[in-house]
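Containing compact mmCIF, C-alpha atoms: start-v2.txt.
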```txt
# COMPACT_ATOMS: atom_id res chain seq x y z
CA MET A 29 9.28 -36.74 2.98
CA GLY A 30 11.17 -36.89 -0.30
CA ASN A 31 14.84 -36.06 -0.54
CA SER A 32 14.73 -32.60 1.05
CA ALA A 33 15.66 -32.20 4.70
CA VAL A 34 12.90 -31.61 7.21
CA LYS A 35 13.28 -29.85 10.55
CA PHE A 36 10.94 -29.96 13.50
CA ALA A 37 11.13 -28.62 17.04
CA HIS A 38 10.49 -30.88 20.02
CA ILE A 39 9.41 -28.74 23.00
CA SER A 40 7.86 -29.83 26.29
CA ASP A 41 6.89 -28.63 29.76
CA CYS A 42 6.46 -24.94 29.02
CA HIS A 43 4.07 -24.58 31.98
CA LEU A 44 2.71 -21.24 30.81
CA GLY A 45 0.95 -19.56 33.71
CA ALA A 46 3.18 -21.05 36.40
CA TRP A 47 4.53 -18.91 39.24
CA GLN A 48 1.31 -16.91 39.59
CA HIS A 49 2.40 -15.77 43.06
CA ASN A 50 5.72 -14.45 41.76
CA GLU A 51 5.33 -11.91 38.97
CA GLU A 52 9.02 -11.93 37.98
CA LEU A 53 9.23 -15.72 37.64
CA CYS A 54 5.91 -15.84 35.80
CA GLU A 55 7.25 -13.35 33.26
CA LEU A 56 10.60 -15.15 32.91
CA ASN A 57 8.77 -18.41 32.24
CA LEU A 58 6.74 -16.72 29.50
CA GLN A 59 9.88 -15.15 28.03
CA ALA A 60 11.49 -18.60 27.81
CA PHE A 61 8.62 -19.77 25.61
CA LEU A 62 8.76 -16.67 23.40
CA ILE A 63 12.53 -17.04 22.96
CA ALA A 64 12.12 -20.72 22.06
CA LEU A 65 9.69 -19.82 19.28
CA ASP A 66 12.03 -17.10 18.01
CA ILE A 67 14.74 -19.76 17.74
CA CYS A 68 12.31 -22.00 15.85
CA LEU A 69 11.76 -19.20 13.35
CA ALA A 70 15.48 -18.61 12.98
CA LYS A 71 16.10 -22.34 12.49
CA LYS A 72 13.35 -22.46 9.85
CA VAL A 73 11.59 -25.46 11.37
CA ASP A 74 8.67 -26.97 9.46
CA PHE A 75 6.58 -27.72 12.53
CA VAL A 76 6.65 -27.60 16.32
CA LEU A 77 5.63 -30.58 18.47
CA ILE A 78 4.81 -29.86 22.13
CA ALA A 79 5.03 -33.04 24.21
CA GLY A 80 2.68 -32.00 27.01
CA ASP A 81 2.26 -29.27 29.62
CA LEU A 82 2.11 -26.30 27.31
CA LEU A 83 0.05 -24.81 30.15
CA ASN A 84 0.54 -25.10 33.89
CA THR A 85 -3.22 -25.43 34.41
CA PRO A 86 -6.04 -26.00 31.92
CA THR A 87 -7.16 -22.37 32.30
CA PRO A 88 -4.20 -20.06 33.03
CA ASP A 89 -4.09 -16.25 33.08
CA LEU A 90 -5.45 -15.09 29.72
CA ALA A 91 -2.87 -12.29 29.47
CA ILE A 92 -0.15 -14.94 29.37
CA VAL A 93 -2.09 -16.99 26.82
CA GLU A 94 -2.53 -13.88 24.66
CA SER A 95 1.23 -13.19 24.60
CA ALA A 96 2.00 -16.83 23.78
CA VAL A 97 -0.62 -17.06 21.02
CA ARG A 98 0.57 -13.79 19.45
CA LYS A 99 4.06 -15.27 19.09
CA MET A 100 2.67 -18.60 17.85
CA LYS A 101 0.76 -16.71 15.15
CA GLU A 102 4.06 -15.30 13.87
CA LEU A 103 5.17 -18.87 13.22
CA LYS A 104 1.81 -19.89 11.76
CA ASP A 105 2.01 -16.94 9.34
CA ALA A 106 5.47 -18.19 8.33
CA GLY A 107 4.05 -21.64 7.50
CA VAL A 108 5.02 -23.42 10.74
CA GLU A 109 2.41 -25.85 12.09
CA PHE A 110 1.87 -26.68 15.76
CA TYR A 111 1.10 -30.17 17.08
CA MET A 112 0.68 -31.24 20.68
CA ILE A 113 -0.38 -33.75 23.27
CA LEU A 114 -1.63 -32.79 26.72
CA GLY A 115 0.43 -33.27 29.86
CA SER A 116 -0.47 -33.95 33.46
CA HIS A 117 -0.88 -30.21 34.12
CA ASP A 118 -2.99 -29.09 31.18
CA TYR A 119 -5.03 -32.31 30.98
CA SER A 120 -8.40 -32.34 32.73
CA PRO A 121 -11.26 -34.79 32.16
CA ASN A 122 -13.83 -32.30 33.47
CA VAL A 123 -12.69 -28.80 32.46
CA ARG A 124 -12.56 -27.25 28.99
CA SER A 125 -8.99 -26.10 28.51
CA ILE A 126 -7.46 -23.21 26.60
CA THR A 127 -5.84 -25.90 24.45
CA ASP A 128 -9.34 -27.11 23.52
CA VAL A 129 -10.10 -23.62 22.24
CA LEU A 130 -6.85 -23.45 20.27
CA SER A 131 -7.40 -26.85 18.68
CA SER A 132 -11.06 -26.11 17.87
CA ALA A 133 -9.91 -22.96 16.08
CA GLY A 134 -7.40 -24.98 14.05
CA PHE A 135 -4.52 -23.10 15.64
CA ILE A 136 -2.85 -26.18 17.07
CA ALA A 137 -3.46 -29.81 16.10
CA PRO A 138 -3.79 -32.50 18.79
CA VAL A 139 -2.11 -35.80 17.91
CA MET A 140 -3.64 -37.89 20.72
CA ASN A 141 -6.51 -39.29 18.67
CA CYS A 142 -7.70 -42.63 20.05
CA GLU A 143 -10.84 -44.73 19.79
CA GLU A 144 -12.05 -47.77 21.71
CA ARG A 145 -12.37 -50.89 19.58
CA ASP A 146 -12.89 -54.42 20.95
CA GLY A 147 -11.16 -53.61 24.22
CA ARG A 148 -8.18 -52.08 22.45
CA LEU A 149 -7.21 -48.41 22.23
CA VAL A 150 -6.69 -47.75 18.54
CA LEU A 151 -4.29 -44.87 17.98
CA ASN A 152 -4.96 -42.70 14.96
CA CYS A 153 -2.30 -40.54 13.39
CA VAL A 154 -1.98 -37.06 11.94
CA ARG A 155 0.05 -36.49 8.78
CA ASP A 156 1.75 -33.12 8.44
CA PRO A 157 0.63 -31.81 5.03
CA LYS A 158 3.87 -29.98 4.28
CA THR A 159 6.42 -32.68 5.15
CA GLY A 160 4.41 -35.90 5.19
CA ALA A 161 5.61 -36.70 8.71
CA ILE A 162 3.27 -38.99 10.67
CA LEU A 163 2.52 -37.93 14.25
CA ALA A 164 0.70 -39.83 16.99
CA GLY A 165 0.75 -39.82 20.77
CA LEU A 166 -0.92 -40.29 24.12
CA SER A 167 -1.59 -37.47 26.55
CA GLY A 168 -0.26 -37.65 30.09
CA LYS A 169 -2.63 -37.83 33.03
CA ARG A 170 -2.21 -37.00 36.68
CA ARG A 171 -0.82 -39.65 39.03
CA GLY A 172 0.17 -41.90 36.14
CA GLU A 173 -3.44 -42.82 35.36
CA ASP A 174 -2.52 -43.30 31.70
CA ALA A 175 -0.28 -46.34 32.34
CA GLU A 176 -3.09 -48.75 31.43
CA ASP A 177 -3.67 -46.93 28.13
CA PHE A 178 -0.22 -47.99 26.91
CA LEU A 179 -0.98 -51.65 27.63
CA ARG A 180 -4.13 -51.48 25.47
CA LEU A 181 -2.58 -49.48 22.65
CA ASP A 182 -3.00 -50.71 19.08
CA THR A 183 -0.71 -49.06 16.50
CA HIS A 184 -0.53 -51.76 13.82
CA HIS A 185 -2.25 -49.65 11.19
CA ILE A 186 0.17 -46.76 11.82
CA GLN A 187 3.16 -49.04 11.45
CA ARG A 188 1.92 -49.99 7.98
CA GLU A 189 1.98 -46.32 6.95
CA LYS A 190 4.99 -45.16 4.96
CA GLY A 191 6.87 -42.10 6.15
CA PHE A 192 8.78 -40.70 9.12
CA LYS A 193 6.85 -41.55 12.30
CA ILE A 194 6.90 -39.62 15.58
CA PHE A 195 5.31 -40.82 18.82
CA ALA A 196 4.71 -38.21 21.53
CA PHE A 197 4.27 -39.19 25.17
CA HIS A 198 4.25 -37.50 28.58
CA ASN A 199 5.50 -40.03 31.12
CA TYR A 200 8.40 -41.11 33.25
CA LEU A 201 10.28 -44.16 31.96
CA SER A 202 11.81 -46.55 34.49
CA GLY A 203 15.54 -46.97 34.02
CA ILE A 204 15.77 -43.89 31.81
CA ALA A 205 13.83 -41.10 33.46
CA PRO A 206 12.26 -42.62 36.59
CA SER A 207 9.58 -40.81 38.57
CA GLU A 208 10.88 -38.24 41.03
CA ILE A 209 7.64 -38.28 43.01
CA PRO A 210 6.68 -41.08 45.44
CA GLY A 211 3.53 -42.89 44.37
CA ILE A 212 3.77 -41.84 40.71
CA PRO A 213 4.65 -44.88 38.57
CA SER A 214 7.17 -44.99 35.74
CA LEU A 215 6.44 -46.82 32.50
CA PRO A 216 8.70 -49.64 31.34
CA LEU A 217 10.31 -48.63 28.05
CA GLU A 218 8.77 -51.73 26.47
CA ASN A 219 5.29 -50.22 26.96
CA LEU A 220 6.00 -47.64 24.29
CA PRO A 221 4.79 -48.78 20.86
CA ARG A 222 7.49 -50.01 18.50
CA GLY A 223 7.98 -48.93 14.93
CA PHE A 224 8.40 -45.18 15.36
CA ASP A 225 11.47 -43.23 14.24
CA TYR A 226 11.44 -40.63 17.02
CA TYR A 227 9.92 -40.67 20.51
CA ALA A 228 9.18 -37.15 21.73
CA GLY A 229 8.99 -37.29 25.51
CA GLY A 230 7.76 -34.85 28.11
CA HIS A 231 7.18 -34.78 31.90
CA PRO A 232 10.71 -35.04 33.40
CA HIS A 233 12.22 -31.57 33.58
CA LYS A 234 15.72 -32.70 32.62
CA LYS A 235 16.79 -33.21 29.02
CA GLN A 236 18.14 -36.59 27.93
CA GLN A 237 18.43 -38.95 24.97
CA TYR A 238 18.27 -42.73 24.84
CA ASP A 239 18.66 -45.38 22.13
CA THR A 240 18.11 -49.14 22.03
CA GLN A 241 17.77 -51.69 19.26
CA TYR A 242 13.99 -51.34 19.15
CA TYR A 243 13.58 -47.76 20.35
CA ARG A 244 15.68 -45.23 18.45
CA HIS A 245 15.82 -41.60 19.50
CA VAL A 246 13.88 -41.63 22.76
CA VAL A 247 14.32 -37.96 23.68
CA TYR A 248 13.20 -35.81 26.60
CA ALA A 249 13.40 -32.08 25.91
CA GLY A 250 13.15 -31.09 29.59
CA SER A 251 11.46 -27.88 30.69
CA LEU A 252 12.02 -24.49 29.08
CA PHE A 253 12.29 -22.80 32.48
CA GLY A 254 10.57 -24.83 35.18
CA CYS A 255 7.56 -24.46 37.42
CA ARG A 256 8.99 -25.47 40.83
CA PRO A 257 11.81 -24.26 43.09
CA VAL A 258 13.58 -27.58 42.52
CA ASP A 259 13.72 -26.76 38.79
CA LEU A 260 15.46 -23.47 39.54
CA LYS A 261 17.85 -25.23 41.89
CA THR A 262 18.68 -27.71 39.14
CA SER A 263 19.30 -24.81 36.74
CA ALA A 264 21.62 -23.22 39.30
CA SER A 265 23.55 -26.51 39.42
CA GLY A 266 24.24 -26.33 35.69
CA GLU A 267 21.23 -27.94 33.98
CA ARG A 268 20.75 -26.24 30.61
CA ARG A 269 17.18 -25.42 29.66
CA GLY A 270 15.80 -25.49 26.15
CA PHE A 271 14.46 -27.80 23.46
CA TYR A 272 15.54 -29.88 20.46
CA VAL A 273 15.52 -29.21 16.75
CA VAL A 274 15.54 -32.49 14.83
CA THR A 275 16.71 -32.80 11.23
CA VAL A 276 15.37 -35.65 9.09
CA GLU A 277 16.59 -36.73 5.65
CA ASP A 278 15.16 -39.65 3.68
CA ASN A 279 13.08 -40.64 6.73
CA ASN A 280 16.17 -40.91 8.93
CA VAL A 281 17.20 -38.66 11.81
CA THR A 282 20.49 -37.01 10.88
CA GLU A 283 20.78 -34.50 13.74
CA VAL A 284 19.23 -33.88 17.16
CA GLU A 285 20.38 -30.38 18.11
CA PHE A 286 19.81 -28.97 21.59
CA CYS A 287 18.88 -25.29 21.52
CA GLU A 288 19.50 -23.57 24.83
CA VAL A 289 16.97 -21.05 26.14
CA ARG A 290 18.55 -18.76 28.71
CA VAL A 291 16.44 -15.99 30.23
CA CYS A 292 18.39 -15.34 33.42
CA GLU A 293 21.00 -16.74 35.76
CA VAL A 294 19.88 -18.61 38.86
CA VAL A 295 22.10 -18.74 41.95
CA SER A 296 21.50 -21.20 44.76
CA PRO A 297 24.39 -21.34 47.25
CA ALA A 298 24.74 -24.03 49.87
CA SER A 299 22.15 -23.90 52.64
CA ILE A 300 22.87 -21.55 55.54
CA ASP A 301 23.12 -23.44 58.83
CA ILE A 302 21.93 -21.51 61.91
CA GLU A 303 21.82 -24.49 64.26
CA GLY A 304 22.09 -23.48 67.94
CA MET A 305 21.98 -19.72 67.30
CA ASP A 306 19.61 -17.15 68.77
CA PRO A 307 17.60 -15.02 66.29
CA ASN A 308 20.08 -12.11 66.37
CA SER A 309 23.09 -14.35 65.74
CA ALA A 310 21.22 -16.18 63.01
CA ARG A 311 20.33 -12.88 61.40
CA ALA A 312 23.97 -11.76 61.49
CA ARG A 313 25.12 -15.05 59.93
CA ILE A 314 22.60 -14.77 57.10
CA GLU A 315 23.42 -11.09 56.47
CA GLN A 316 27.12 -11.91 56.25
CA TYR A 317 26.39 -14.66 53.76
CA VAL A 318 24.06 -12.51 51.70
CA GLY A 319 26.48 -9.59 51.74
CA GLU A 320 29.10 -11.67 49.92
CA MET A 321 26.75 -12.82 47.16
CA GLU A 322 26.73 -11.41 43.64
CA VAL A 323 23.01 -11.22 42.86
CA ASN A 324 22.56 -8.44 40.31
CA ASP A 325 19.99 -9.40 37.65
CA LYS A 326 19.78 -12.96 39.00
CA VAL A 327 17.14 -15.19 40.54
CA VAL A 328 18.26 -16.04 44.07
CA LEU A 329 17.37 -19.22 45.95
CA LEU A 330 18.23 -19.30 49.64
CA GLU A 331 17.77 -22.24 51.98
CA ILE A 332 18.10 -21.65 55.72
CA LYS A 333 17.90 -24.42 58.28
CA GLY A 334 18.63 -25.17 61.91
CA ARG A 335 17.05 -25.15 65.37
CA LEU A 336 17.33 -21.87 67.24
CA SER A 337 18.71 -21.89 70.77
CA GLU A 338 15.92 -19.52 71.81
CA GLY A 339 13.15 -17.41 70.32
CA ARG A 340 11.01 -17.90 67.25
CA PRO A 341 11.87 -17.94 63.52
CA TYR A 342 9.86 -14.77 62.77
CA GLN A 343 12.32 -12.80 64.94
CA ILE A 344 14.96 -13.25 62.23
CA ARG A 345 12.85 -10.91 60.02
CA PHE A 346 13.17 -12.85 56.79
CA GLN A 347 11.21 -10.33 54.72
CA GLU A 348 13.85 -7.67 55.41
CA LEU A 349 16.53 -10.06 54.13
CA GLU A 350 14.59 -10.58 50.91
CA ASP A 351 14.19 -6.82 50.54
CA GLU A 352 17.95 -6.33 50.94
CA LEU A 353 18.65 -8.78 48.11
CA ILE A 354 16.15 -7.01 45.85
CA GLU A 355 17.85 -3.68 46.64
CA LYS A 356 21.16 -5.27 45.59
CA GLY A 357 19.63 -5.97 42.18
CA ALA A 358 18.23 -9.50 42.42
CA LYS A 359 15.36 -10.16 40.02
CA THR A 360 13.50 -12.09 42.69
CA VAL A 361 14.22 -14.14 45.81
CA LEU A 362 12.87 -17.54 46.83
CA LEU A 363 13.64 -18.13 50.49
CA ASP A 364 13.16 -21.63 51.89
CA ARG A 365 13.01 -21.45 55.69
CA ARG A 366 10.99 -24.59 56.32
CA GLY A 367 14.01 -26.08 58.07
CA VAL A 368 14.16 -23.28 60.68
CA VAL A 369 12.72 -24.45 64.01
CA GLY A 370 12.14 -22.39 67.13
CA GLN A 371 13.45 -23.75 70.41
CA THR A 372 10.06 -23.31 72.09
CA LEU A 373 8.35 -25.66 69.65
CA GLU A 374 7.15 -28.64 71.63
CA THR A 375 6.52 -32.14 70.38
CA VAL A 376 2.83 -32.74 69.97
CA SER A 377 1.41 -35.87 71.51
CA ALA A 378 -0.33 -38.13 69.04
CA ALA A 379 -2.97 -38.72 71.67
CA LYS A 380 -4.34 -35.14 71.48
CA ASP A 381 -7.57 -34.69 69.64
CA ILE A 382 -7.67 -33.10 66.19
CA GLY A 383 -9.40 -29.94 67.42
CA GLN A 384 -6.73 -29.31 70.04
CA LEU A 385 -3.95 -29.95 67.51
CA GLU A 386 -5.61 -27.48 65.16
CA VAL A 387 -5.75 -24.79 67.86
CA GLU A 388 -2.09 -25.34 68.81
CA GLU A 389 -0.93 -25.18 65.19
CA LEU A 390 -2.85 -21.94 64.66
CA GLU A 391 -1.37 -20.47 67.83
CA ARG A 392 2.15 -21.29 66.62
CA ALA A 393 1.44 -19.78 63.22
CA LEU A 394 0.11 -16.59 64.83
CA LEU A 395 3.28 -16.27 66.89
CA GLU A 396 5.31 -16.21 63.66
CA PHE A 397 2.88 -13.93 61.82
CA ASP A 398 4.00 -10.34 62.25
CA SER A 399 1.02 -7.97 61.84
CA SER A 400 0.18 -4.51 63.13
CA LEU A 401 -3.56 -5.31 63.07
CA SER A 402 -4.82 -6.17 66.54
CA ALA A 403 -7.57 -8.30 64.99
CA LEU A 404 -4.87 -10.67 63.70
CA GLN A 405 -3.09 -11.00 67.03
CA GLY A 406 -3.62 -13.17 70.08
CA GLY A 407 -7.03 -14.58 70.86
CA THR A 408 -8.89 -12.51 68.26
CA GLY A 409 -6.52 -13.69 65.54
CA LEU A 410 -6.98 -17.28 66.67
CA ALA A 411 -10.77 -16.93 66.57
CA LEU A 412 -10.60 -15.44 63.06
CA ALA A 413 -8.41 -18.30 61.81
CA GLN A 414 -10.69 -20.91 63.35
CA GLU A 415 -13.76 -19.33 61.78
CA PHE A 416 -12.06 -19.32 58.39
CA LEU A 417 -11.18 -23.00 58.74
CA GLN A 418 -14.73 -23.83 59.69
CA ALA A 419 -16.07 -21.92 56.67
CA LEU A 420 -13.64 -23.69 54.33
CA SER A 421 -14.79 -27.09 55.60
CA VAL A 422 -18.25 -26.58 54.10
CA GLU A 423 -18.56 -29.05 51.22
CA ARG A 424 -20.19 -28.40 47.88
CA GLU A 425 -23.76 -29.67 47.59
CA GLU A 426 -24.56 -32.16 44.83
CA SER A 427 -26.97 -29.76 43.11
CA GLN A 428 -24.56 -26.81 43.40
CA THR A 429 -22.31 -25.82 40.48
CA LYS A 430 -18.62 -25.28 41.07
CA LYS A 431 -18.95 -21.59 40.21
CA ALA A 432 -21.85 -21.11 42.64
CA TYR A 433 -19.91 -22.90 45.36
CA GLU A 434 -16.82 -20.73 44.81
CA GLU A 435 -18.93 -17.56 44.89
CA LYS A 436 -20.54 -18.70 48.14
CA MET A 437 -17.12 -19.34 49.72
CA ILE A 438 -15.90 -15.89 48.65
CA VAL A 439 -18.94 -14.24 50.21
CA LEU A 440 -18.40 -16.23 53.42
CA GLY A 441 -14.77 -15.13 53.55
CA GLN A 442 -15.60 -11.49 52.91
CA ASP A 443 -18.27 -11.61 55.61
CA ILE A 444 -15.82 -13.04 58.15
CA ILE A 445 -13.19 -10.42 57.32
CA GLY A 446 -15.74 -7.63 57.46
CA ARG A 447 -17.04 -8.64 60.85
CA ARG A 448 -13.66 -9.44 62.41
CA LEU A 449 -11.43 -6.69 61.02
CA PHE A 450 -13.78 -3.76 60.70
CA GLN A 451 -16.27 -4.21 63.53
```
Re-express the file's structure as structure tokens.
Amino acid sequence: MGNSAVKFAHISDCHLGAWQHNEELCELNLQAFLIALDICLAKKVDFVLIAGDLLNTPTPDLAIVESAVRKMKELKDAGVEFYMILGSHDYSPNVRSITDVLSSAGFIAPVMNCEERDGRLVLNCVRDPKTGAILAGLSGKRRGEDAEDFLRLDTHHIQREKGFKIFAFHNYLSGIAPSEIPGIPSLPLENLPRGFDYYAGGHPHKKQQYDTQYYRHVVYAGSLFGCRPVDLKTSASGERRGFYVVTVEDNNVTEVEFCEVRVCEVVSPASIDIEGMDPNSARARIEQYVGEMEVNDKVVLLEIKGRLSEGRPYQIRFQELEDELIEKGAKTVLLDRRGVVGQTLETVSAAKDIGQLEVEELERALLEFDSSLSALQGGTGLALAQEFLQALSVEREESQTKKAYEEKMIVLGQDIIGRRLFQ
């Protein structure tokens, strides 16, 4: 690297394309990425390393990809290179990803180059041509399926290379950033290869830094915005979102600067307890609570819970409450009412057969589904729902492509709707 200082950005968990069912949150998530790259330009970084989950799925909405790539090109034109590993969201063993297209076009360079050799996984490196920095990494996989890869990793040849070395990974680390999801394992820190100067982590959505004698600068950048309601709730509790800009001089880290990315304020007050109330009283309690909130230009998270003394949850008219908050100026509203239980809900006997349980669950759902269409009410609505379930249970044939199967399911669904709603 010579004597001149080098700067690089460590970004992770952008999840571009997340929140597809909420246009406002989808746009805010994209804006967070665009702002992060603007900061990279202003900070004059030499390259950007994305430690997994650039995308929320391997093939997100192309309009979002177009906006992101347009901004990335601004940096490329300014001499900033992009490097990346895949995360558990944008990794797929079977589907060609947008990231495959970007890397094939030379727009972004993958650093997870491995080859099998005598039962070992030999990790190859990429050297940044401008700075001489050495980058290597392993992509994350769903359900922690990459844990075995770390045990077979061979990095001896990289450790013999001279220069500043960065290892990128997308995993939970036990004792540092343990898994938040039951059944998903965390890696022991000792499974990371030694001999690197900076460990660029992704996967946990909270930022943190860690140092030991053998592992210096183990850093998680956290998410730029988040892709789950729990991420927004964490932001509302004070978690700052952003990424790190790392300064290196004479192959030593001299500064790890957190750069905050703030696209909006998130408010998430304490849950509203409606235990023992009837629907009208519950509605009044919620309206009083909502009326006192300052929500203008903010993302609002509301959690409502409790067992009603009578009636059904749909009688509270939750959609009207969301509409009121939007009228008060909220950017968007996420309302969690999973904890609201109607008094008439009966305990289901485990002895009942699956078909009967299915019918009862559909009947309960129809009671809470407020529709003016007679075809979606009562017995006709139940029959429609059952027919849909039966259609969805049809499995794909071995000789059938995924696309052909999906097209067949769409035609089946359209046929059911046509016959049931417009007969």
Within 7 Å of region 358-370 of chain A using only C-alpha atoms, minus same-chain residues under 3 positions, as a PyMOL selection string:
chain A and resi 52+323-336+338-341+350+353-354+373
Distance of CA of Asp118 (chain A) from CA of Asn50 (chain A), expressed in Å to one decimal place:
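For CA of Asn50 (chain A) relative to CA of Asp118 (chain A), the distance reads 20.1 Å.
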Two-atom distance - CA of Tyr119 (chain A), CA of Ala79 (chain A) (Å)
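Calculated distance between CA of Tyr119 (chain A) and CA of Ala79 (chain A) is 12.1 Å.
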Using all atoms listed in the file, what table do you get, as a tab-separated table, when you list each residue of region 238-268 of chain A with an atom no more than 12 Å from region 285-288 of chain A, its nearest pair of atoms, and their distance in Å rounded to one decimal, rows by chain then rising number?
```
residue	atom	partner	partner_atom	distance
A:Val247	CA	A:Phe286	CA	10.7
A:Tyr248	CA	A:Phe286	CA	10.8
A:Ala249	CA	A:Phe286	CA	8.3
A:Gly250	CA	A:Phe286	CA	10.6
A:Ser251	CA	A:Glu288	CA	10.8
A:Leu252	CA	A:Glu288	CA	8.7
A:Phe253	CA	A:Glu288	CA	10.5
A:Ser263	CA	A:Glu288	CA	12.0
A:Glu267	CA	A:Glu288	CA	10.3
A:Arg268	CA	A:Glu288	CA	6.5
```
Would you pick out the contacts of Cys142 (chain A) at 6 Å or less, using all atoms listed in the file, so that residues sharing its chain but fewer than 2 positions from it are not included, and give the list as a list of chain:residue names?
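Non-adjacent residues within range: A:Val150, A:Leu151, A:Asn152.
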Residue neighbourhood Tyr227 (chain A), 10 Å, all atoms listed in the file, exclusion window fewer than 3 positions, as an MDAnalysis selection string:
chainID A and resid 38 79 164:165 193:197 220:222 224 230 237:238 243:248
Now that the selection is made, can you save its residues with C-alpha atoms as a short mmCIF file (atom, residue, chain, number, x, y, z; two decimals), keeping the file's coordinate frame?
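Below is the file that was written, part-v6.cif:
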```cif
data_model
loop_
_atom_site.label_atom_id
_atom_site.label_comp_id
_atom_site.auth_asym_id
_atom_site.auth_seq_id
_atom_site.Cartn_x
_atom_site.Cartn_y
_atom_site.Cartn_z
CA HIS A 38 10.49 -30.88 20.02
CA ALA A 79 5.03 -33.04 24.21
CA ALA A 164 0.70 -39.83 16.99
CA GLY A 165 0.75 -39.82 20.77
CA LYS A 193 6.85 -41.55 12.30
CA ILE A 194 6.90 -39.62 15.58
CA PHE A 195 5.31 -40.82 18.82
CA ALA A 196 4.71 -38.21 21.53
CA PHE A 197 4.27 -39.19 25.17
CA LEU A 220 6.00 -47.64 24.29
CA PRO A 221 4.79 -48.78 20.86
CA ARG A 222 7.49 -50.01 18.50
CA PHE A 224 8.40 -45.18 15.36
CA GLY A 230 7.76 -34.85 28.11
CA GLN A 237 18.43 -38.95 24.97
CA TYR A 238 18.27 -42.73 24.84
CA TYR A 243 13.58 -47.76 20.35
CA ARG A 244 15.68 -45.23 18.45
CA HIS A 245 15.82 -41.60 19.50
CA VAL A 246 13.88 -41.63 22.76
CA VAL A 247 14.32 -37.96 23.68
CA TYR A 248 13.20 -35.81 26.60
#
```
Grab the CA of Ala64 (chain A) to CA of Thr240 (chain A) distance for me, in Å with one decimal place.
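Between CA of Ala64 (chain A) and CA of Thr240 (chain A) the gap works out to 29.0 Å.
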Selected residue, from A:Ile344, A:Cys54, A:Leu69, A:Ala37, that lies nearest to Pro88 (chain A) when counting only C-alpha atoms
A:Cys54
Considering all atoms listed in the file, tabulate each residue of region 242-335 of chain A that lies at most 12 Å from region 157-163 of chain A along with its nearest interatomic pair and the corresponding distance in Å to one decimal; arrange the rows by chain and ascending residue number and present them as a Markdown table.
```
| residue | atom | partner | partner_atom | distance |
| --- | --- | --- | --- | --- |
| A:Thr275 | CA | A:Thr159 | CA | 12.0 |
| A:Val276 | CA | A:Ala161 | CA | 9.8 |
| A:Glu277 | CA | A:Thr159 | CA | 11.0 |
| A:Asp278 | CA | A:Ala161 | CA | 11.2 |
| A:Asn279 | CA | A:Ala161 | CA | 8.7 |
| A:Asn280 | CA | A:Ala161 | CA | 11.4 |
```
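The residues that lie within 7 Å of the point (17.6, -37.5, 32.0), counting only C-alpha atoms, are Ile204, Ala205, Lys234, Lys235 and Gln236 of chain A.
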Selected residue of minimal separation from Glu303 (chain A) among A:Asn141, A:Gln347, A:Ser337, A:Ser131, counting only C-alpha atoms
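That would be A:Ser337, the residue with the smallest distance to Glu303 (chain A).
In terms of minimum interatomic distance to Ser265 (chain A), A:Val294 ranks closest within A:Gly304, A:Thr282, A:Val294, A:Glu143, counting all atoms listed in the file.
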Got a sec: who's within 9 Å of Ala46 (chain A), counting only C-alpha atoms, leaving out chain neighbours fewer than 4 positions off, as a VMD selection string?
chain A and resid 42 50 53 to 54 57 to 58 83 to 85 88 254 to 256
Using all atoms listed in the file, pick whichever of A:Tyr317, A:Phe75, A:Phe192, A:Tyr272 has the shortest atom-to-atom distance to Leu103 (chain A).
A:Phe75
Missing atoms in region 435-443 of chain A should be modelled up to N, CA and C atoms and reported as an mmCIF file, in the frame of the given file.
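part_27.cif, freshly written:
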```cif
data_model
loop_
_atom_site.group_PDB
_atom_site.id
_atom_site.type_symbol
_atom_site.label_atom_id
_atom_site.label_comp_id
_atom_site.auth_asym_id
_atom_site.auth_seq_id
_atom_site.Cartn_x
_atom_site.Cartn_y
_atom_site.Cartn_z
ATOM 1 N N GLU A 435 -18.383 -18.879 44.562
ATOM 2 C CA GLU A 435 -18.930 -17.560 44.890
ATOM 3 C C GLU A 435 -19.433 -17.522 46.331
ATOM 4 N N LYS A 436 -20.047 -18.618 46.760
ATOM 5 C CA LYS A 436 -20.540 -18.700 48.140
ATOM 6 C C LYS A 436 -19.381 -18.624 49.124
ATOM 7 N N MET A 437 -18.271 -19.332 48.819
ATOM 8 C CA MET A 437 -17.120 -19.340 49.720
ATOM 9 C C MET A 437 -16.480 -17.949 49.789
ATOM 10 N N ILE A 438 -16.450 -17.247 48.662
ATOM 11 C CA ILE A 438 -15.900 -15.890 48.650
ATOM 12 C C ILE A 438 -16.731 -14.963 49.523
ATOM 13 N N VAL A 439 -18.047 -15.069 49.398
ATOM 14 C CA VAL A 439 -18.940 -14.240 50.210
ATOM 15 C C VAL A 439 -18.759 -14.546 51.695
ATOM 16 N N LEU A 440 -18.635 -15.836 52.026
ATOM 17 C CA LEU A 440 -18.400 -16.230 53.420
ATOM 18 C C LEU A 440 -17.116 -15.602 53.951
ATOM 19 N N GLY A 441 -16.046 -15.693 53.133
ATOM 20 C CA GLY A 441 -14.770 -15.130 53.550
ATOM 21 C C GLY A 441 -14.833 -13.632 53.740
ATOM 22 N N GLN A 442 -15.466 -12.945 52.798
ATOM 23 C CA GLN A 442 -15.600 -11.490 52.910
ATOM 24 C C GLN A 442 -16.417 -11.100 54.137
ATOM 25 N N ASP A 443 -17.433 -11.893 54.439
ATOM 26 C CA ASP A 443 -18.270 -11.610 55.610
ATOM 27 C C ASP A 443 -17.468 -11.756 56.895
#
```
